[in-house]
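What follows is a set of notes on a single structure, which appears directly below.
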Amino acid sequence: MDQVTKNQKLRLLIVGLPNAGKSTLFNGLTGGNRKVSNYSGITVDAAFGEFLSNEENNQSIEIVDLPGIYNLNPSSSDEGVTVATLLGLYPQMKWDKIIVLLDYQRLEASLNLALSIKEYINDDLLFLINKDDEGEIKPELRKEMQRQLKAHILTMSALSTDKNVIDHFIRQHGPTPEVTPLKRERLKVTPMAASFFPAADLLDTKELPYSVVEGSEGEAQVEAQIAKELNTARTIINSVFTERKLAPESNASQKIDRIVLHPVFGGIIFVALFYFIFNSIYTWAGPAMDFTEALVINLGNFIGNYLPEGLFKSLIVDGIFAGTGGVVIFLPQIMVLFFLLSLLEQSGYISRAALVTDKIMSVFGLNGKAFLPYLSGFACAIPGIMAARTLSNQRERMATILTLPLITCSARLPVYILLVGTFVPDTTVLGIFNARALSFFFLYFLGSISALIIAKVMRLSVFKGESGNFLIDLPPYQRPSIRVALKQSWFKGKNFLKKAGTVILALSIVIWTLSTFPEVNQEKLNGLSDQEASAVRLESSLLGQMGKGIEPIIEPLGMNWKVGVGLLVSFGARELFVSALGTLYALGDEVDEENEGLREKLLAERDPRTGRPLFDLATAWSILIFFVFSLQCTSTLAILKKETGGWKWPLYTLGYTVALGYLGSLFAYNLLS
Amino acid sequence: MAKLSEIKAGHRVKIIHFGDDPTVRFKLISLGILPGDPIDVISCAPFGGPQVIGHGEAQSFAIRKEASQFVEVELWTK
């Protein structure tokens with residue numbers, strides 16, 4: 001990332017309190033699709049973006065959005081990233097100017113941070129005061145603040161202020177040709193805070209730009225350092241404003257919180273909201289999914305009709321359509337889930353949910369802040385694992401990220417929907433519950449409760465130690481924007497399709513190739529019916545042989561070699577299980593004219609020896625339970641390696657989840673058959 | 001004098017002392033709170049969960065009872 005800074009591009013940092021509106025500002029200036037949400041700590045990694053106006057200006061500006069901080073003594077690794085960047089501890093992350101984004105609704109806390117940056121980092125700053133939605137800061141007040149703070153100030157509202165005004169202000173005051181010397185009162189940090197900085201031996205400087213102060217003496221010095229700036233901030237605010245009117249939302253929010261965080265109603269509201277979300281995924285997206293599936297099958301058959309018989313037709317119909325198409329049909333579910341989650345995130349409820357769950361989480365040795373990572377894990381473990389950087393306690397963080405793969409992610413959804421929808425009867429049980437909905441609930445519940453129990457086991461063994469302290473911001477509630485939610489849902493849907501169109505497509509072709517070659521000598525097929533011939537071809541293919549190879553291991557689980565192939569490939573990505581079965585069953589058919597999906601083919605398959613159905617409820621549950629536990633995702637392994645700094649913990653996680661999956665599967669099969 | 005953790009929802013108290021945990025002290029000051037300031041206990045989360053605290057600015061925050069038991073307060077009198 002350093003090569004670009006050479007050609008006179010200015011690099012500006014945006015710094016501010018969590019939830020001050022940094023990401024919204026970043027998106028406005030760069031047009032970037034950085035995720036915006038009303039939860040402190042969602043920005044877990046720095047984002048880089050080019051100004052939209054770079055095209056019509058000589059001066060190119062790059063802007064970096066850093067995780068929010070409260071003071072210069074970081075208490076978590078994402079705060080550590082910000083402070084270390086400000087201090088210039090990353091040799092490759094040089095910057096030219098700092099923009100401090102202040103929150104008018106939290107002016108004391110914002111100014112406290114701004115003043116410490118001015119005192120300890122650099123005194124040439126640009127101030128943007130955000131959330132002045134009612135225009136409370138009149139021009140004369142702004143001028144008075146400018147005079148006292150000796151910095152250029154723009155007051156704005158990220159919601160209504162024209163982006164060009166902000167862009168112009170930054171262009172006018174941002175580029176300073178002469179290099180301003182760092183004015184640095186030496187920053188004091190506690191040893192705990194210093195532990196979030198990059199190791200000192202990685203730095204090219206002889207002298208560190210901060211001092212580590214130890215013991216209670218040192219803590220008192222750091223406390224005095226922070227309190228000094230707060231007192232200055234209060235003096236400035238009191239001399240500039242006679243009365244500071246706060247947004248009416250803050251009062252309304254306190255009233256809402258009395259109910260939403262009520263000892264009794266709070267719990268009920270929480271359960272009702274999440275039941276509603278999971279219910280909507282299946283009831284709203286169901287018809288859309290049936291429609292997409294019919295579309296994919298018909299399109300495949302339609303194209304198939306125009307292709308000459310042979311390998312090419314087989315590749316298109318059995319490889320690409322049956323393989324990738326089987327995954328694409330889950331698009332509606334993904335989009336509905338992300339639409340609803342986005343509404344919830346924007347409203348500000350997610351941080352309340354962290355409070356409601358905090359006590360339960362603490363029973364399992366975790367923190368209420370782990371709720372957001374776990375919740376993200378329902379979509380995908382990767383953003384969840386990254387969001388866990390906001391956890392300040394390292395042991396809690398490890399226990400959280402190593403159990404996150406147990407949370408039911410959306411890649412499991414295709415497998416669950418296929419098997420539950422095919423093998424669990426659509427009947428009512430216990431009077432009011434639908435058997436399928438109940439099965440889904442059970443699968444989600446099993447994954448989540450196992451994650452918590454294993455986290456507890458880890459917190460009592462490998463990650464034994466104290467809990468982190470708990471202090472969380474509750475941003476005012478906001479009316480969620482449908483437009484943002486639709487955009488978010490569209491964005492996730494697009495990414496899902498992209499994955500289906502690239503990785504899954506490529507792997508589908510690989511699976512097709514492996515299950516088609518080597519081709520069988522024609523003489524062996526003489527005298528066999530078409531169906532028998534296809535079966536023989538498939539069994540003698542490379543993938544067939546691999547499946548046959550692991551059959552002894554999975555036979556006790558009630559699985560045949562085709563499922564074995566599915567399991568093998570699903571370790572690349574879980575959706576591939578459905579692709580592989582799609583291709584295997586499409587190839588196994590004698591002809592392609594039948595207009596039926598994978599579900600019918602699974603139901604229809606018979607054991608050639610006994611003539612009884614090969615797949616039944618016991619097999620289905622055996623596979624389902626394996627998927628509940630097992631970490632089958634190369635991307636998750638890669639992110640675990642990145643976050644834990646080595647292969648030890650990813651392999652540990654892979655080992656324990658697969659072992660749990662096998663044992664759970666064995667238990668379920670023997671119980672049901 | 002009382003512990004913050006013992007204060008029921010709906011009361012306003014004055015902070016006397018932050019207690020010993022440095023992280024809690026640093027964070028409370030950074031949020032804009034100093035000893036002597038008034039704060040409001042807005043509610044207490046389910047299952048004995050954290051307390052929701054309001055103070056002079058527009059944003060409330062929550063604090064775990066393990067942390068708030070070290071914060072010494074007294075009832076606010078005008």
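Letters for chains follow the order of the structure tokens (A, B, ...), residue numbers begin at 1 for each chain, and ligand numbers begin at 1 in the order shown.
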Please list as a PyMOL selection string every residue within 7 Å of region 5-20 of chain B, counting only C-alpha atoms and excluding residues in the same chain fewer than 3 positions away. chain B and resi 25+35-44+65+68-76
Writing out the chosen residues with N, CA and C atoms as an mmCIF file, in the first residue's frame:
```
data_model
loop_
_atom_site.group_PDB
_atom_site.id
_atom_site.type_symbol
_atom_site.label_atom_id
_atom_site.label_comp_id
_atom_site.auth_asym_id
_atom_site.auth_seq_id
_atom_site.Cartn_x
_atom_site.Cartn_y
_atom_site.Cartn_z
ATOM 1 N N ARG B 25 -11.751 3.198 35.146
ATOM 2 C CA ARG B 25 -11.504 4.617 35.436
ATOM 3 C C ARG B 25 -11.214 5.403 34.165
ATOM 4 N N PRO B 35 -15.330 12.430 38.996
ATOM 5 C CA PRO B 35 -15.912 12.353 40.334
ATOM 6 C C PRO B 35 -16.616 13.659 40.680
ATOM 7 N N GLY B 36 -17.777 13.541 41.337
ATOM 8 C CA GLY B 36 -18.572 14.724 41.652
ATOM 9 C C GLY B 36 -19.733 14.924 40.691
ATOM 10 N N ASP B 37 -19.655 14.286 39.488
ATOM 11 C CA ASP B 37 -20.705 14.441 38.482
ATOM 12 C C ASP B 37 -21.940 13.607 38.850
ATOM 13 N N PRO B 38 -23.135 14.077 38.441
ATOM 14 C CA PRO B 38 -24.335 13.255 38.624
ATOM 15 C C PRO B 38 -24.501 12.244 37.484
ATOM 16 N N ILE B 39 -25.008 11.054 37.794
ATOM 17 C CA ILE B 39 -25.378 10.108 36.735
ATOM 18 C C ILE B 39 -26.743 9.511 37.078
ATOM 19 N N ASP B 40 -27.451 9.025 36.040
ATOM 20 C CA ASP B 40 -28.770 8.427 36.242
ATOM 21 C C ASP B 40 -28.720 6.940 35.959
ATOM 22 N N VAL B 41 -29.300 6.145 36.852
ATOM 23 C CA VAL B 41 -29.438 4.714 36.568
ATOM 24 C C VAL B 41 -30.760 4.558 35.818
ATOM 25 N N ILE B 42 -30.671 4.247 34.525
ATOM 26 C CA ILE B 42 -31.880 4.221 33.693
ATOM 27 C C ILE B 42 -32.603 2.891 33.804
ATOM 28 N N SER B 43 -31.840 1.796 33.712
ATOM 29 C CA SER B 43 -32.486 0.499 33.915
ATOM 30 C C SER B 43 -31.429 -0.539 34.219
ATOM 31 N N CYS B 44 -31.899 -1.736 34.594
ATOM 32 C CA CYS B 44 -30.989 -2.838 34.878
ATOM 33 C C CYS B 44 -31.401 -3.979 33.966
ATOM 34 N N LYS B 65 -22.176 -5.243 36.547
ATOM 35 C CA LYS B 65 -22.220 -5.052 38.000
ATOM 36 C C LYS B 65 -20.880 -5.388 38.658
ATOM 37 N N SER B 68 -19.366 -2.053 38.398
ATOM 38 C CA SER B 68 -20.033 -0.945 39.084
ATOM 39 C C SER B 68 -20.047 -1.137 40.594
ATOM 40 N N GLN B 69 -19.731 -2.341 41.074
ATOM 41 C CA GLN B 69 -19.705 -2.519 42.526
ATOM 42 C C GLN B 69 -18.520 -1.779 43.163
ATOM 43 N N PHE B 70 -17.535 -1.422 42.337
ATOM 44 C CA PHE B 70 -16.395 -0.692 42.881
ATOM 45 C C PHE B 70 -16.588 0.824 42.832
ATOM 46 N N VAL B 71 -17.628 1.247 42.089
ATOM 47 C CA VAL B 71 -17.861 2.688 41.963
ATOM 48 C C VAL B 71 -18.682 3.158 43.156
ATOM 49 N N GLU B 72 -18.116 4.092 43.934
ATOM 50 C CA GLU B 72 -18.829 4.579 45.119
ATOM 51 C C GLU B 72 -19.643 5.815 44.758
ATOM 52 N N VAL B 73 -20.912 5.803 45.198
ATOM 53 C CA VAL B 73 -21.815 6.903 44.856
ATOM 54 C C VAL B 73 -22.620 7.303 46.080
ATOM 55 N N GLU B 74 -23.262 8.462 46.011
ATOM 56 C CA GLU B 74 -24.284 8.783 47.010
ATOM 57 C C GLU B 74 -25.463 9.409 46.294
ATOM 58 N N LEU B 75 -26.651 9.336 46.919
ATOM 59 C CA LEU B 75 -27.845 9.860 46.266
ATOM 60 C C LEU B 75 -27.673 11.356 46.003
ATOM 61 N N TRP B 76 -28.162 11.775 44.855
ATOM 62 C CA TRP B 76 -27.994 13.158 44.418
ATOM 63 C C TRP B 76 -29.011 14.041 45.135
#
```
Do you have, as JSON lines, the list of residues of chain A lying at most 8 Å from chain B, each with its nearest atom pair and that distance in Å to one decimal, counting only C-alpha atoms and ordered by chain then number?
```
{"residue": "A:Tyr70", "atom": "CA", "partner": "B:Ser30", "partner_atom": "CA", "distance": 5.7}
{"residue": "A:Asn71", "atom": "CA", "partner": "B:Ser30", "partner_atom": "CA", "distance": 6.3}
{"residue": "A:Ser75", "atom": "CA", "partner": "B:Thr23", "partner_atom": "CA", "distance": 7.3}
{"residue": "A:Gln105", "atom": "CA", "partner": "B:Ala58", "partner_atom": "CA", "distance": 5.3}
{"residue": "A:Arg106", "atom": "CA", "partner": "B:Glu57", "partner_atom": "CA", "distance": 5.4}
{"residue": "A:Leu107", "atom": "CA", "partner": "B:Glu57", "partner_atom": "CA", "distance": 7.6}
{"residue": "A:Glu108", "atom": "CA", "partner": "B:Gly32", "partner_atom": "CA", "distance": 5.6}
{"residue": "A:Ala109", "atom": "CA", "partner": "B:Gly32", "partner_atom": "CA", "distance": 4.8}
{"residue": "A:Asn112", "atom": "CA", "partner": "B:Ser30", "partner_atom": "CA", "distance": 6.9}
{"residue": "A:Leu113", "atom": "CA", "partner": "B:Ser30", "partner_atom": "CA", "distance": 7.5}
{"residue": "A:Glu219", "atom": "CA", "partner": "B:Pro22", "partner_atom": "CA", "distance": 6.5}
{"residue": "A:Val222", "atom": "CA", "partner": "B:Phe26", "partner_atom": "CA", "distance": 8.0}
{"residue": "A:Glu223", "atom": "CA", "partner": "B:Phe26", "partner_atom": "CA", "distance": 6.0}
{"residue": "A:Ile226", "atom": "CA", "partner": "B:Ser30", "partner_atom": "CA", "distance": 6.9}
{"residue": "A:Ala227", "atom": "CA", "partner": "B:Ile29", "partner_atom": "CA", "distance": 6.3}
{"residue": "A:Leu230", "atom": "CA", "partner": "B:Gly32", "partner_atom": "CA", "distance": 6.7}
{"residue": "A:Leu246", "atom": "CA", "partner": "B:Ala58", "partner_atom": "CA", "distance": 6.2}
{"residue": "A:Ala247", "atom": "CA", "partner": "B:Ala58", "partner_atom": "CA", "distance": 7.1}
{"residue": "A:Ser250", "atom": "CA", "partner": "B:Ala58", "partner_atom": "CA", "distance": 5.1}
{"residue": "A:Asn251", "atom": "CA", "partner": "B:Ala58", "partner_atom": "CA", "distance": 7.9}
{"residue": "A:Gln254", "atom": "CA", "partner": "B:Ile42", "partner_atom": "CA", "distance": 6.9}
{"residue": "A:Asp257", "atom": "CA", "partner": "B:Ser43", "partner_atom": "CA", "distance": 7.3}
{"residue": "A:Arg258", "atom": "CA", "partner": "B:Ser43", "partner_atom": "CA", "distance": 5.6}
{"residue": "A:Leu261", "atom": "CA", "partner": "B:Ala45", "partner_atom": "CA", "distance": 5.1}
{"residue": "A:His262", "atom": "CA", "partner": "B:Ala45", "partner_atom": "CA", "distance": 5.9}
{"residue": "A:Pro263", "atom": "CA", "partner": "B:Pro46", "partner_atom": "CA", "distance": 3.7}
{"residue": "A:Val264", "atom": "CA", "partner": "B:Pro46", "partner_atom": "CA", "distance": 6.1}
{"residue": "A:Gly266", "atom": "CA", "partner": "B:Pro46", "partner_atom": "CA", "distance": 6.4}
{"residue": "A:Gly267", "atom": "CA", "partner": "B:Pro46", "partner_atom": "CA", "distance": 6.3}
{"residue": "A:Leu355", "atom": "CA", "partner": "B:Ala45", "partner_atom": "CA", "distance": 6.4}
{"residue": "A:Val356", "atom": "CA", "partner": "B:Ala45", "partner_atom": "CA", "distance": 5.8}
{"residue": "A:Thr357", "atom": "CA", "partner": "B:Gly49", "partner_atom": "CA", "distance": 7.9}
{"residue": "A:Asp358", "atom": "CA", "partner": "B:Gly49", "partner_atom": "CA", "distance": 6.1}
{"residue": "A:Lys359", "atom": "CA", "partner": "B:Gly49", "partner_atom": "CA", "distance": 4.9}
{"residue": "A:Ile360", "atom": "CA", "partner": "B:Phe47", "partner_atom": "CA", "distance": 7.8}
{"residue": "A:Asn469", "atom": "CA", "partner": "B:Ala67", "partner_atom": "CA", "distance": 6.5}
{"residue": "A:Phe470", "atom": "CA", "partner": "B:Arg64", "partner_atom": "CA", "distance": 5.2}
{"residue": "A:Leu471", "atom": "CA", "partner": "B:Ile63", "partner_atom": "CA", "distance": 4.6}
{"residue": "A:Ile472", "atom": "CA", "partner": "B:Ala62", "partner_atom": "CA", "distance": 5.2}
{"residue": "A:Asp473", "atom": "CA", "partner": "B:Phe61", "partner_atom": "CA", "distance": 4.2}
{"residue": "A:Leu474", "atom": "CA", "partner": "B:Phe61", "partner_atom": "CA", "distance": 5.0}
{"residue": "A:Pro475", "atom": "CA", "partner": "B:Gln59", "partner_atom": "CA", "distance": 5.6}
{"residue": "A:Pro476", "atom": "CA", "partner": "B:Gln59", "partner_atom": "CA", "distance": 6.2}
```
Just the selected residues (N, CA and C atoms), exported as a compact mmCIF listing (two decimals), in the first residue's frame, please.
```
# COMPACT_ATOMS: atom_id res chain seq x y z
N TYR A 70 -11.53 5.99 22.40
CA TYR A 70 -11.97 6.94 23.42
C TYR A 70 -10.81 7.78 23.93
N ASN A 71 -9.63 7.14 24.00
CA ASN A 71 -8.46 7.86 24.48
C ASN A 71 -7.24 7.17 23.87
N SER A 75 -7.73 -0.28 24.84
CA SER A 75 -8.09 -1.41 25.69
C SER A 75 -8.55 -2.61 24.88
N GLN A 105 -23.29 15.47 19.79
CA GLN A 105 -24.12 14.94 20.87
C GLN A 105 -23.28 14.41 22.04
N ARG A 106 -21.99 14.21 21.80
CA ARG A 106 -21.08 13.77 22.87
C ARG A 106 -19.86 14.67 22.80
N LEU A 107 -20.10 15.97 22.93
CA LEU A 107 -19.04 16.93 22.66
C LEU A 107 -17.91 16.85 23.68
N GLU A 108 -18.27 16.62 24.96
CA GLU A 108 -17.22 16.55 25.99
C GLU A 108 -16.26 15.41 25.71
N ALA A 109 -16.83 14.24 25.48
CA ALA A 109 -15.98 13.07 25.23
C ALA A 109 -15.19 13.26 23.93
N ASN A 112 -12.44 15.83 24.40
CA ASN A 112 -11.41 15.21 25.25
C ASN A 112 -10.43 14.44 24.36
N LEU A 113 -10.98 13.63 23.44
CA LEU A 113 -10.12 12.85 22.54
C LEU A 113 -9.35 13.78 21.60
N GLU A 219 -0.68 4.19 36.68
CA GLU A 219 -2.11 4.31 36.38
C GLU A 219 -2.62 5.69 36.77
N VAL A 222 -1.59 8.16 34.11
CA VAL A 222 -2.41 8.08 32.90
C VAL A 222 -3.78 8.69 33.15
N GLU A 223 -4.34 8.39 34.34
CA GLU A 223 -5.65 8.94 34.69
C GLU A 223 -5.61 10.47 34.69
N ILE A 226 -5.62 11.84 31.17
CA ILE A 226 -6.93 11.88 30.50
C ILE A 226 -7.82 12.95 31.13
N ALA A 227 -7.81 13.02 32.48
CA ALA A 227 -8.69 13.96 33.18
C ALA A 227 -8.31 15.42 32.86
N LEU A 230 -10.01 16.41 29.74
CA LEU A 230 -11.46 16.54 29.94
C LEU A 230 -11.78 17.87 30.60
N LEU A 246 -29.43 19.11 23.43
CA LEU A 246 -29.14 17.79 22.86
C LEU A 246 -30.34 17.30 22.06
N ALA A 247 -30.02 16.38 21.16
CA ALA A 247 -31.05 15.87 20.26
C ALA A 247 -32.19 15.22 21.06
N SER A 250 -32.19 11.46 22.26
CA SER A 250 -31.51 10.91 23.41
C SER A 250 -32.50 10.68 24.56
N ASN A 251 -33.46 11.63 24.70
CA ASN A 251 -34.48 11.44 25.72
C ASN A 251 -35.39 10.28 25.39
N GLN A 254 -33.75 6.98 26.06
CA GLN A 254 -33.77 6.55 27.46
C GLN A 254 -35.13 5.96 27.82
N ASP A 257 -35.32 2.55 26.29
CA ASP A 257 -34.46 1.61 27.01
C ASP A 257 -35.08 1.13 28.32
N ARG A 258 -35.91 1.98 28.93
CA ARG A 258 -36.57 1.53 30.17
C ARG A 258 -37.41 0.30 29.91
N LEU A 261 -34.80 -2.68 27.87
CA LEU A 261 -33.80 -3.25 28.77
C LEU A 261 -34.41 -3.51 30.15
N HIS A 262 -35.72 -3.64 30.19
CA HIS A 262 -36.41 -3.95 31.44
C HIS A 262 -36.05 -5.38 31.86
N PRO A 263 -35.88 -5.63 33.17
CA PRO A 263 -35.48 -6.97 33.62
C PRO A 263 -36.38 -8.09 33.09
N VAL A 264 -37.66 -7.84 32.89
CA VAL A 264 -38.56 -8.90 32.41
C VAL A 264 -38.88 -8.73 30.93
N GLY A 266 -37.48 -7.01 28.66
CA GLY A 266 -36.28 -7.02 27.83
C GLY A 266 -36.02 -8.39 27.23
N GLY A 267 -36.11 -9.43 28.08
CA GLY A 267 -35.87 -10.79 27.62
C GLY A 267 -36.92 -11.24 26.62
N LEU A 355 -26.49 -6.36 25.82
CA LEU A 355 -26.76 -6.23 27.25
C LEU A 355 -27.66 -7.34 27.75
N VAL A 356 -28.73 -7.61 26.96
CA VAL A 356 -29.69 -8.63 27.38
C VAL A 356 -28.98 -9.97 27.52
N THR A 357 -28.04 -10.24 26.62
CA THR A 357 -27.38 -11.55 26.64
C THR A 357 -26.15 -11.57 27.55
N ASP A 358 -25.75 -10.41 28.07
CA ASP A 358 -24.48 -10.37 28.79
C ASP A 358 -24.41 -11.34 29.95
N LYS A 359 -25.49 -11.41 30.74
CA LYS A 359 -25.44 -12.26 31.92
C LYS A 359 -25.31 -13.74 31.51
N ILE A 360 -26.08 -14.12 30.47
CA ILE A 360 -26.01 -15.51 30.00
C ILE A 360 -24.61 -15.81 29.47
N ASN A 469 -13.54 -6.41 31.67
CA ASN A 469 -14.58 -5.55 32.23
C ASN A 469 -15.57 -5.20 31.15
N PHE A 470 -16.74 -4.77 31.58
CA PHE A 470 -17.79 -4.56 30.60
C PHE A 470 -18.35 -3.15 30.66
N LEU A 471 -18.13 -2.44 29.59
CA LEU A 471 -18.62 -1.08 29.49
C LEU A 471 -18.97 -0.90 28.03
N ILE A 472 -20.23 -0.65 27.73
CA ILE A 472 -20.59 -0.56 26.31
C ILE A 472 -21.47 0.65 26.05
N ASP A 473 -21.25 1.31 24.91
CA ASP A 473 -22.05 2.48 24.56
C ASP A 473 -23.40 2.06 24.06
N LEU A 474 -24.38 2.90 24.35
CA LEU A 474 -25.72 2.68 23.81
C LEU A 474 -26.09 3.88 22.96
N PRO A 475 -25.76 3.82 21.66
CA PRO A 475 -26.09 4.96 20.79
C PRO A 475 -27.60 5.16 20.76
N PRO A 476 -28.04 6.42 20.55
CA PRO A 476 -29.48 6.66 20.47
C PRO A 476 -30.12 5.79 19.38
```
Looking only at strand (DSSP E) from DSSP on the backbone, list the matching residues of chain B as a compact mmCIF listing (two decimals) with C-alpha atoms, in the first residue's frame.
```txt
# COMPACT_ATOMS: atom_id res chain seq x y z
CA ALA B 2 -23.32 3.16 48.44
CA LYS B 3 -22.07 0.98 45.64
CA ARG B 12 -29.83 9.89 40.25
CA VAL B 13 -26.56 9.60 42.14
CA LYS B 14 -23.31 11.50 42.52
CA ILE B 15 -19.99 9.78 41.78
CA ILE B 16 -17.66 9.81 44.77
CA HIS B 17 -14.90 7.45 43.67
CA PRO B 38 -24.33 13.26 38.62
CA ILE B 39 -25.38 10.11 36.74
CA ASP B 40 -28.77 8.43 36.24
CA VAL B 41 -29.44 4.71 36.57
CA ILE B 42 -31.88 4.22 33.69
CA SER B 43 -32.49 0.50 33.91
CA CYS B 44 -30.99 -2.84 34.88
CA GLN B 51 -26.84 -1.32 34.50
CA VAL B 52 -27.70 1.34 31.95
CA ILE B 53 -26.30 4.72 32.91
CA GLY B 54 -27.19 8.14 31.55
CA SER B 60 -26.04 6.31 27.59
CA PHE B 61 -23.74 3.41 28.34
CA ALA B 62 -23.93 0.16 30.26
CA ILE B 63 -21.67 -1.15 32.97
CA GLU B 72 -18.83 4.58 45.12
CA VAL B 73 -21.82 6.90 44.86
CA GLU B 74 -24.28 8.78 47.01
CA LEU B 75 -27.85 9.86 46.27
```
Given the choices A:Leu141, A:Val271, A:Ala455, A:Val83, which gets closest to Pro405 (chain A) if the distance is worked out from only C-alpha atoms?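 Distance minimum relative to Pro405 (chain A) lands on A:Ala455.
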List every residue of chain B that DSSP, applied to the backbone of this structure, places in alpha helix (DSSP H), and write the result as a PyMOL selection string. chain B and resi 22-30+65-68
CA of Phe629 (chain A) to CA of Thr427 (chain A): how many Å, to one decimal?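 Straight-line distance from CA of Phe629 (chain A) to CA of Thr427 (chain A) works out to 26.7 Å.
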Do a neighbour search on Ala411 (chain A) at 10 Å with only C-alpha atoms, toss out local chain neighbours closer than 4 positions, and write the hits as an MDAnalysis selection string. chainID A and resid 327 330 334 378:381 415:416 496 573:576 632:633
Generate a file of the selected residues that holds C-alpha atoms, formatted as a compact mmCIF listing (two decimals), in the first residue's frame.
```
# COMPACT_ATOMS: atom_id res chain seq x y z
CA VAL A 327 -26.24 -23.28 -4.69
CA PHE A 330 -30.38 -20.05 -1.79
CA ILE A 334 -29.40 -14.78 2.18
CA PHE A 378 -25.11 -16.80 11.55
CA ALA A 379 -24.33 -15.18 8.23
CA CYS A 380 -20.70 -16.25 7.94
CA ALA A 381 -17.98 -17.10 10.46
CA VAL A 415 -27.55 -28.42 3.11
CA TYR A 416 -30.15 -28.00 5.85
CA PHE A 496 -22.91 -14.62 -2.71
CA ALA A 573 -16.84 -24.91 1.18
CA ARG A 574 -20.03 -26.34 2.67
CA GLU A 575 -22.27 -25.41 -0.28
CA LEU A 576 -20.20 -27.77 -2.42
CA GLN A 632 -15.77 -27.38 6.54
CA CYS A 633 -14.55 -24.12 5.13
```
CA of Ser461 (chain A) to CA of Ala353 (chain A): how many Å, to one decimal?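 Separating CA of Ser461 (chain A) from CA of Ala353 (chain A) is a distance of 28.0 Å.
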